[in-house]
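Source file: entry_35.cif; contents: mmCIF, C-alpha atoms.
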```cif
data_entry
loop_
_atom_site.label_atom_id
_atom_site.label_comp_id
_atom_site.auth_asym_id
_atom_site.auth_seq_id
_atom_site.Cartn_x
_atom_site.Cartn_y
_atom_site.Cartn_z
CA MET A 1307 124.60 48.74 55.70
CA LYS A 1308 124.67 52.48 55.83
CA MET A 1309 121.78 54.81 56.24
CA THR A 1310 121.47 57.34 53.50
CA ASP A 1311 119.63 59.72 55.82
CA GLU A 1312 122.92 61.16 56.98
CA VAL A 1313 123.52 62.54 53.57
CA VAL A 1314 120.09 64.07 53.24
CA ALA A 1315 119.63 65.57 56.68
CA PRO A 1316 122.44 68.14 56.76
CA ARG A 1317 121.44 69.39 53.37
CA ARG A 1318 117.98 70.06 54.67
CA SER A 1319 119.17 72.03 57.67
CA ARG A 1320 121.39 74.29 55.66
CA PRO A 1321 119.81 77.51 54.42
CA ALA A 1322 118.83 77.30 50.80
CA PRO A 1323 121.39 79.07 48.65
CA ARG A 1324 120.23 81.96 46.53
CA THR A 1325 120.00 80.60 43.04
CA ALA A 1326 120.47 83.91 41.32
CA PRO A 1327 122.04 87.17 42.39
CA ASP A 1328 119.58 89.98 42.75
CA PRO A 1329 120.44 92.80 40.36
CA VAL A 1330 118.46 95.69 41.82
CA GLY A 1331 117.16 95.11 45.28
CA PRO A 1332 115.63 92.76 47.78
CA SER A 1333 112.13 93.15 46.40
CA ASN A 1334 112.93 92.57 42.80
CA GLY A 1335 110.78 89.81 41.39
CA VAL A 1336 111.44 87.29 44.16
CA PRO A 1337 108.02 86.03 45.14
CA GLY A 1338 107.46 85.49 48.81
CA VAL A 1339 110.44 87.53 49.93
CA PRO A 1340 109.08 90.45 51.93
CA PHE A 1341 110.92 93.70 51.96
CA ASP A 1342 110.70 95.68 55.14
CA THR A 1343 113.30 98.19 54.19
CA PRO A 1344 112.53 100.32 51.17
CA ALA A 1345 113.99 99.12 47.91
CA VAL A 1346 115.52 102.05 46.08
CA HIS A 1347 115.85 102.01 42.32
CA GLU A 1348 117.79 104.36 40.13
CA VAL A 1349 115.78 106.29 37.55
CA ARG A 1350 118.41 107.62 35.20
CA THR A 1351 117.92 105.83 31.88
CA GLU A 1352 115.04 104.51 29.78
CA GLU A 1353 116.03 101.01 30.86
CA ASP A 1354 115.68 102.08 34.49
CA LEU A 1355 112.04 102.97 33.80
CA LEU A 1356 111.41 99.36 32.77
CA VAL A 1357 113.31 97.98 35.75
CA VAL A 1358 111.20 100.14 38.08
CA ARG A 1359 108.02 98.93 36.39
CA HIS A 1360 109.00 95.30 36.94
CA ALA A 1361 109.91 95.96 40.56
CA VAL A 1362 106.60 97.74 41.20
CA ARG A 1363 104.66 94.96 39.51
CA ALA A 1364 106.43 92.38 41.71
CA ALA A 1365 105.74 94.48 44.82
CA THR A 1366 102.03 94.79 44.01
CA LEU A 1367 101.86 91.02 43.68
CA GLU A 1368 103.50 90.61 47.09
CA CYS A 1369 101.02 93.06 48.58
CA GLY A 1370 98.14 91.05 47.22
CA PHE A 1371 96.63 93.72 44.98
CA SER A 1372 93.90 92.74 42.54
CA LEU A 1373 94.77 92.79 38.86
CA ILE A 1374 93.05 96.14 38.34
CA ASP A 1375 94.86 97.65 41.35
CA GLN A 1376 98.17 96.25 40.10
CA THR A 1377 97.52 97.99 36.81
CA ARG A 1378 96.65 101.26 38.59
CA VAL A 1379 99.77 101.22 40.75
CA VAL A 1380 102.15 100.21 37.97
CA THR A 1381 100.67 102.90 35.72
CA ALA A 1382 101.02 105.56 38.44
CA ALA A 1383 104.60 104.43 39.10
CA SER A 1384 105.35 104.65 35.41
CA GLU A 1385 104.06 108.24 35.29
CA LEU A 1386 106.07 109.24 38.37
CA ALA A 1387 109.25 107.54 37.17
CA ARG A 1388 108.96 109.19 33.79
CA ASN A 1389 108.50 112.59 35.45
CA THR A 1390 111.60 111.95 37.52
CA TYR A 1391 113.54 110.93 34.43
CA ILE A 1392 112.36 113.71 32.11
CA HIS A 1393 111.59 116.71 34.33
CA GLY A 1394 113.83 115.93 37.27
CA GLY A 1395 116.82 114.98 35.18
CA GLY A 1396 116.93 111.56 36.82
CA GLY A 1397 116.60 110.44 40.41
CA THR A 1398 115.34 107.48 42.38
CA MET A 1399 112.16 105.54 43.06
CA ALA A 1400 111.77 103.86 46.43
CA LEU A 1401 109.20 101.16 47.09
CA GLU A 1402 108.02 100.30 50.56
CA ARG A 1403 105.45 97.82 51.67
CA LEU A 1404 103.17 99.12 54.40
CA ASN A 1405 100.73 97.64 56.85
CA ARG A 1406 97.87 99.48 58.49
CA HIS A 1407 95.02 97.86 60.37
CA GLY A 1408 95.56 94.60 58.55
CA ARG A 1409 95.56 96.18 55.13
CA SER A 1410 98.72 96.18 53.15
CA GLY A 1411 99.77 99.03 50.99
CA LEU A 1412 102.53 100.12 48.72
CA LEU A 1413 104.35 103.40 49.09
CA LEU A 1414 106.09 104.87 46.06
CA VAL A 1415 108.57 107.68 46.58
CA ALA A 1416 109.91 109.35 43.45
CA ARG A 1417 112.76 111.71 44.20
CA ASP A 1418 114.83 113.98 42.03
CA GLU A 1419 117.18 116.89 42.42
CA GLY A 1420 115.88 118.71 39.39
CA PRO A 1421 114.57 122.24 38.94
CA GLY A 1422 111.47 121.63 41.07
CA ILE A 1423 107.89 122.45 40.20
CA VAL A 1424 107.10 126.16 40.30
CA ASP A 1425 103.32 125.83 40.40
CA VAL A 1426 102.20 122.50 41.87
CA GLU A 1427 98.47 123.17 41.41
CA GLN A 1428 99.03 123.88 37.77
CA ALA A 1429 101.21 120.78 37.35
CA LEU A 1430 98.39 118.65 38.71
CA GLU A 1431 95.88 120.02 36.21
CA ASP A 1432 94.90 117.83 33.30
CA GLY A 1433 96.33 119.01 30.05
CA TYR A 1434 99.19 120.93 31.62
CA THR A 1435 102.50 119.81 30.23
CA THR A 1436 106.01 121.10 29.89
CA GLY A 1437 107.33 117.91 28.33
CA ALA A 1438 106.58 115.13 25.91
CA GLY A 1439 103.58 113.62 27.66
CA LEU A 1440 99.90 114.36 27.42
CA GLY A 1441 99.83 116.46 30.54
CA HIS A 1442 97.94 113.89 32.55
CA GLY A 1443 100.90 112.31 34.27
CA LEU A 1444 100.95 113.90 37.71
CA GLY A 1445 97.22 114.52 38.12
CA GLY A 1446 96.46 111.11 36.67
CA ALA A 1447 98.89 109.39 39.02
CA ARG A 1448 97.20 111.15 41.93
CA ARG A 1449 93.81 109.79 40.88
CA LEU A 1450 95.20 106.27 40.68
CA MET A 1451 96.53 106.32 44.24
CA HIS A 1452 94.87 106.76 47.64
CA GLU A 1453 97.37 109.14 49.19
CA PHE A 1454 99.48 111.59 47.30
CA ARG A 1455 101.97 114.19 48.46
CA ILE A 1456 104.30 116.47 46.58
CA HIS A 1457 107.23 118.19 48.18
CA THR A 1458 109.06 120.49 45.84
CA GLU A 1459 111.48 123.32 46.08
CA PRO A 1460 112.65 125.30 43.07
CA GLY A 1461 116.31 124.59 42.47
CA VAL A 1462 116.42 121.82 45.07
CA GLY A 1463 114.25 119.05 43.72
CA THR A 1464 110.96 117.24 43.92
CA THR A 1465 109.74 114.31 46.00
CA VAL A 1466 106.41 112.69 45.23
CA SER A 1467 105.05 110.14 47.70
CA ALA A 1468 102.04 108.03 46.79
CA ILE A 1469 100.29 105.15 48.54
CA ARG A 1470 97.66 102.73 47.45
CA TRP A 1471 96.06 100.34 49.93
CA THR A 1472 94.66 96.93 49.12
CA GLU A 1473 90.96 96.33 49.37
CA ARG A 1474 89.90 94.39 52.44
CA MET B 382 116.34 110.60 6.27
CA ASN B 383 117.92 107.46 7.64
CA ALA B 384 116.33 104.08 7.09
CA PRO B 385 114.10 103.28 10.07
CA VAL B 386 115.54 100.90 12.61
CA PRO B 387 113.38 97.76 12.77
CA ALA B 388 111.33 98.04 15.95
CA GLY B 389 111.10 94.33 16.63
CA VAL B 390 107.42 93.96 15.86
CA PRO B 391 106.77 92.80 12.31
CA ILE B 392 104.40 94.80 10.16
CA LEU B 393 102.49 92.32 8.00
CA ARG B 394 100.50 93.13 4.93
CA LEU B 395 97.19 91.34 4.43
CA GLY B 396 95.59 92.66 1.28
CA ASN B 397 95.00 96.34 1.82
CA VAL B 398 95.54 96.21 5.59
CA LEU B 399 98.79 96.46 7.53
CA VAL B 400 98.75 94.34 10.69
CA THR B 401 101.09 94.99 13.58
CA GLY B 402 101.22 95.36 17.34
CA LEU B 403 102.93 97.00 20.27
CA LEU B 404 105.08 95.20 22.82
CA ASP B 405 104.65 95.90 26.50
CA GLU B 406 108.05 97.41 27.08
CA LEU B 407 107.83 100.39 24.83
CA ASP B 408 110.61 102.87 25.35
CA ASP B 409 111.09 106.19 23.64
CA LYS B 410 113.55 104.91 21.07
CA THR B 411 111.45 101.87 20.16
CA ALA B 412 108.30 103.99 19.92
CA ARG B 413 109.99 106.42 17.56
CA ALA B 414 111.47 103.65 15.42
CA PHE B 415 108.10 101.92 15.24
CA THR B 416 106.28 105.13 14.27
CA ASP B 417 108.88 105.84 11.58
CA GLU B 418 108.70 102.35 10.15
CA LEU B 419 104.91 102.23 10.11
CA THR B 420 104.68 105.68 8.53
CA GLU B 421 107.15 104.63 5.87
CA ARG B 422 105.14 101.50 5.10
CA ILE B 423 101.88 103.44 4.89
CA ALA B 424 103.45 105.99 2.56
CA THR B 425 104.93 103.40 0.21
CA GLU B 426 102.16 100.79 0.24
CA GLY B 427 99.07 102.93 0.65
CA PRO B 428 96.99 100.53 2.74
CA ALA B 429 93.33 101.37 3.43
CA GLY B 430 93.69 100.33 7.06
CA VAL B 431 96.15 99.56 9.85
CA LEU B 432 95.42 97.16 12.68
CA ILE B 433 97.50 97.65 15.83
CA ASP B 434 97.16 94.86 18.36
CA ILE B 435 97.78 96.03 21.92
CA SER B 436 96.75 92.88 23.77
CA ARG B 437 100.31 92.54 25.09
CA LEU B 438 100.25 95.89 26.85
CA GLU B 439 100.00 95.46 30.61
CA ILE B 440 99.73 99.18 31.13
CA ILE B 441 99.10 102.25 29.01
CA ASP B 442 100.56 105.36 30.57
CA SER B 443 100.40 108.84 29.07
CA PHE B 444 103.53 108.14 27.05
CA VAL B 445 102.10 105.07 25.33
CA ALA B 446 98.74 106.84 24.91
CA ARG B 447 100.49 109.71 23.19
CA THR B 448 102.33 107.28 20.90
CA LEU B 449 99.05 105.62 19.91
CA SER B 450 97.33 108.97 19.33
CA GLU B 451 100.14 110.27 17.18
CA LEU B 452 100.36 107.07 15.16
CA THR B 453 96.65 107.21 14.47
CA THR B 454 96.71 110.85 13.44
CA THR B 455 99.74 110.40 11.20
CA ALA B 456 98.18 107.36 9.51
CA ARG B 457 94.92 109.23 8.98
CA LEU B 458 96.75 112.14 7.40
CA LEU B 459 98.26 109.63 4.99
CA GLY B 460 94.84 108.21 4.17
CA ALA B 461 94.85 105.04 6.26
CA ARG B 462 92.33 104.13 8.94
CA VAL B 463 93.77 102.77 12.17
CA VAL B 464 92.03 100.34 14.49
CA VAL B 465 93.64 99.65 17.87
CA ALA B 466 92.56 96.22 19.07
CA GLY B 467 92.73 94.04 22.14
CA MET B 468 93.02 96.44 25.06
CA ARG B 469 92.90 94.58 28.39
CA PRO B 470 89.99 95.54 30.67
CA PRO B 471 92.19 96.71 33.61
CA VAL B 472 94.10 98.88 31.16
CA ALA B 473 90.84 100.45 29.94
CA ILE B 474 89.70 101.19 33.51
CA THR B 475 93.06 102.69 34.44
CA LEU B 476 93.21 104.82 31.30
CA VAL B 477 89.85 106.39 32.09
CA GLU B 478 90.94 107.15 35.67
CA LEU B 479 94.14 108.61 34.34
CA GLY B 480 91.97 111.00 32.32
CA LEU B 481 92.85 109.62 28.92
CA ALA B 482 90.10 108.52 26.58
CA LEU B 483 92.26 108.06 23.47
CA GLU B 484 89.96 110.46 21.63
CA GLY B 485 89.95 109.91 17.92
CA VAL B 486 91.49 106.46 18.17
CA GLU B 487 89.19 103.77 16.81
CA THR B 488 89.22 100.60 18.90
CA ALA B 489 88.02 97.01 18.73
CA LEU B 490 87.69 94.39 21.44
CA THR B 491 89.79 91.84 19.58
CA ALA B 492 92.11 91.77 16.60
CA GLU B 493 89.52 89.70 14.74
CA ARG B 494 86.85 92.34 15.24
CA GLY B 495 89.33 95.00 14.29
CA MET B 496 89.95 93.20 11.01
CA GLN B 497 86.21 92.96 10.47
CA ALA B 498 85.91 96.70 11.02
CA LEU B 499 88.55 97.16 8.34
CA GLY B 500 86.54 95.03 5.92
CA TRP B 501 87.91 91.55 6.56
CA TYR B 502 85.56 88.67 7.23
CA HIS B 503 86.35 85.31 8.69
CA GLY B 504 85.35 82.65 6.14
CA SER B 505 81.69 82.66 5.23
CA GLN B 506 80.53 83.37 8.80
CA PRO B 507 78.42 86.47 9.22
CA PRO B 508 80.61 88.98 11.06
CA GLU B 509 78.27 89.57 13.98
CA ARG B 510 78.30 85.86 14.81
CA GLY B 511 82.05 85.68 15.14
CA THR B 512 83.24 84.30 18.44
CA ARG B 513 85.48 86.41 20.60
#
```
Please express what this file holds, its structure, as structure tokens.
Amino acid sequence: MKMTDEVVAPRRSRPAPRTAPDPVGPSNGVPGVPFDTPAVHEVRTEEDLLVVRHAVRAATLECGFSLIDQTRVVTAASELARNTYIHGGGGTMALERLNRHGRSGLLLVARDEGPGIVDVEQALEDGYTTGAGLGHGLGGARRLMHEFRIHTEPGVGTTVSAIRWTER
Amino acid sequence: MNAPVPAGVPILRLGNVLVTGLLDELDDKTARAFTDELTERIATEGPAGVLIDISRLEIIDSFVARTLSELTTTARLLGARVVVAGMRPPVAITLVELGLALEGVETALTAERGMQALGWYHGSQPPERGTR
């Protein structure tokens, strides 16, 4: 009589194979997989905007944000990504999970090599628009996040960094 | 003018109301195609009202808000009243923080209430008793 355990045991000790290849990055929609290195997503087409949205949604879930906070962060990310796409002529969006004093947070970094923003204060004002939006994108995104920084240089590009922390 | 590309969401006619909705993943092209198709239908069929269900929308950013505003204005200019129904509570909170109030866009909590606002009643039930 043979023990069937032999067949089962090695299978258990082997690392579980990835069932599906990951199309965009380590954080993309795989629940429970933490990402310590930033996941960088291209923002060059309309489809990219949707991919970024999905990735941000997945990241907010991993961070443990409430539903309202998830909505805030995904909305802010959508505004930033659209700015990158439209005003920056395309670029990238990096997502990084943070930890500070036991609170987790999500850092969004939208980067482009576009014309830059000439007047940042003006760009943050409600109702100011140079494009197809309602002129609430940048200022609105700032209100939806806890920390917000813009680095821009005319002719070089724009980088917007934004963080939202989870509630206790 | 080219024939509008079907936007994926059907536009149904119930009496003098057109009933339709927006999908969550609205991109520029889809939004334009949807606006064109709805405008075309309003112009040819002359409905009194249009119900747009947005209960599928997980977020409304300034792009989607602009699409809704423009749709509503265009429909009104063509003589149809638009009711946008079913906004999720987190979406409403976020929209306000974003600084967008969707001024001039009539809203209803649910599609059913939206239809009531446009003159439709469910069976013989008094409208104010309708369940959510």
Q | Which of B:Val464, B:Ile440, B:Ala489, B:Ala473 sits closest to chain A [using only C-alpha atoms] | A |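 The shortest atom-to-atom distance to chain A comes from B:Ile440.
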Q: Compute the set of chain B residues within 7 Å of chain A, using all atoms listed in the file, and express it as a PyMOL selection string.
A: chain B and resi 406+408+440-444+447+471-472+475+478-480
Residues as selected, C-alpha atoms, written as an mmCIF file, keeping the file's coordinate frame, can you do that?
```cif
data_model
loop_
_atom_site.group_PDB
_atom_site.id
_atom_site.type_symbol
_atom_site.label_atom_id
_atom_site.label_comp_id
_atom_site.auth_asym_id
_atom_site.auth_seq_id
_atom_site.Cartn_x
_atom_site.Cartn_y
_atom_site.Cartn_z
ATOM 1 C CA GLU B 406 108.050 97.410 27.080
ATOM 2 C CA ASP B 408 110.610 102.870 25.350
ATOM 3 C CA ILE B 440 99.730 99.180 31.130
ATOM 4 C CA ILE B 441 99.100 102.250 29.010
ATOM 5 C CA ASP B 442 100.560 105.360 30.570
ATOM 6 C CA SER B 443 100.400 108.840 29.070
ATOM 7 C CA PHE B 444 103.530 108.140 27.050
ATOM 8 C CA ARG B 447 100.490 109.710 23.190
ATOM 9 C CA PRO B 471 92.190 96.710 33.610
ATOM 10 C CA VAL B 472 94.100 98.880 31.160
ATOM 11 C CA THR B 475 93.060 102.690 34.440
ATOM 12 C CA GLU B 478 90.940 107.150 35.670
ATOM 13 C CA LEU B 479 94.140 108.610 34.340
ATOM 14 C CA GLY B 480 91.970 111.000 32.320
#
```
Q) Selected by the PyMOL selection byres ((chain A and resi 1424) around 10) in the shown coordinates: which residues, as a list in words? A) Pro1421, Gly1422, Ile1423, Asp1425, Val1426, Glu1427, Gln1428, Ala1429, Thr1458, Glu1459, Pro1460 and Gly1461 of chain A
Q | Residues near region 451-463 of chain B, cut-off 12 Å, all atoms listed in the file, skip fewer than 3 positions along chain, as JSON, numbers by chain | A | {"A": [1438, 1439, 1440], "B": [397, 398, 399, 400, 401, 402, 403, 412, 413, 414, 415, 416, 417, 418, 419, 420, 421, 422, 423, 424, 425, 426, 427, 428, 429, 430, 431, 432, 433, 434, 443, 444, 445, 446, 447, 448, 466, 483, 484, 485, 486, 487, 488, 489, 492, 495, 496, 498, 499, 500]}
Q: Would you kindly identify which residues have an atom no farther than 7 Å from (106.4, 95.8, 28.4), using only C-alpha atoms and the file's own coordinates, and write them out as an MDAnalysis selection string?
A: chainID B and resid 404:407 438:439
Q. Suppose you want the space between CA of Ile1456 (chain A) and CA of Ala1416 (chain A); what is it in Å?
A.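 These two atoms are separated by 9.6 Å.
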Q. CA of Gly1420 (chain A) and CA of Val1462 (chain A), how far apart in Å?
A. 6.5 Å
(Q) As a check of understanding, name the residues that the PyMOL selection byres ((chain A and resi 1401) around 7) selects in the supplied structure, as number ranges by chain. (A) A: 1344-1346, 1399-1400, 1402-1403, 1412-1415
Q: Give as a PyMOL selection string the residues that the PyMOL selection byres ((chain A and resi 1411) around 6) matches when applied to the coordinates above.
A: chain A and resi 1403-1404+1410+1412+1470-1472
Q. Using all atoms listed in the file, which of the listed residues (A:Leu1367, A:Val1466, A:Thr1351, A:Glu1473) sits closest to His1407 (chain A)?
A. A:Glu1473
Q. CA of Ala1364 (chain A) and CA of Gly1396 (chain A), how far apart in Å?
A.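 Result for CA of Gly1396 (chain A) versus CA of Ala1364 (chain A): 22.4 Å, one decimal.
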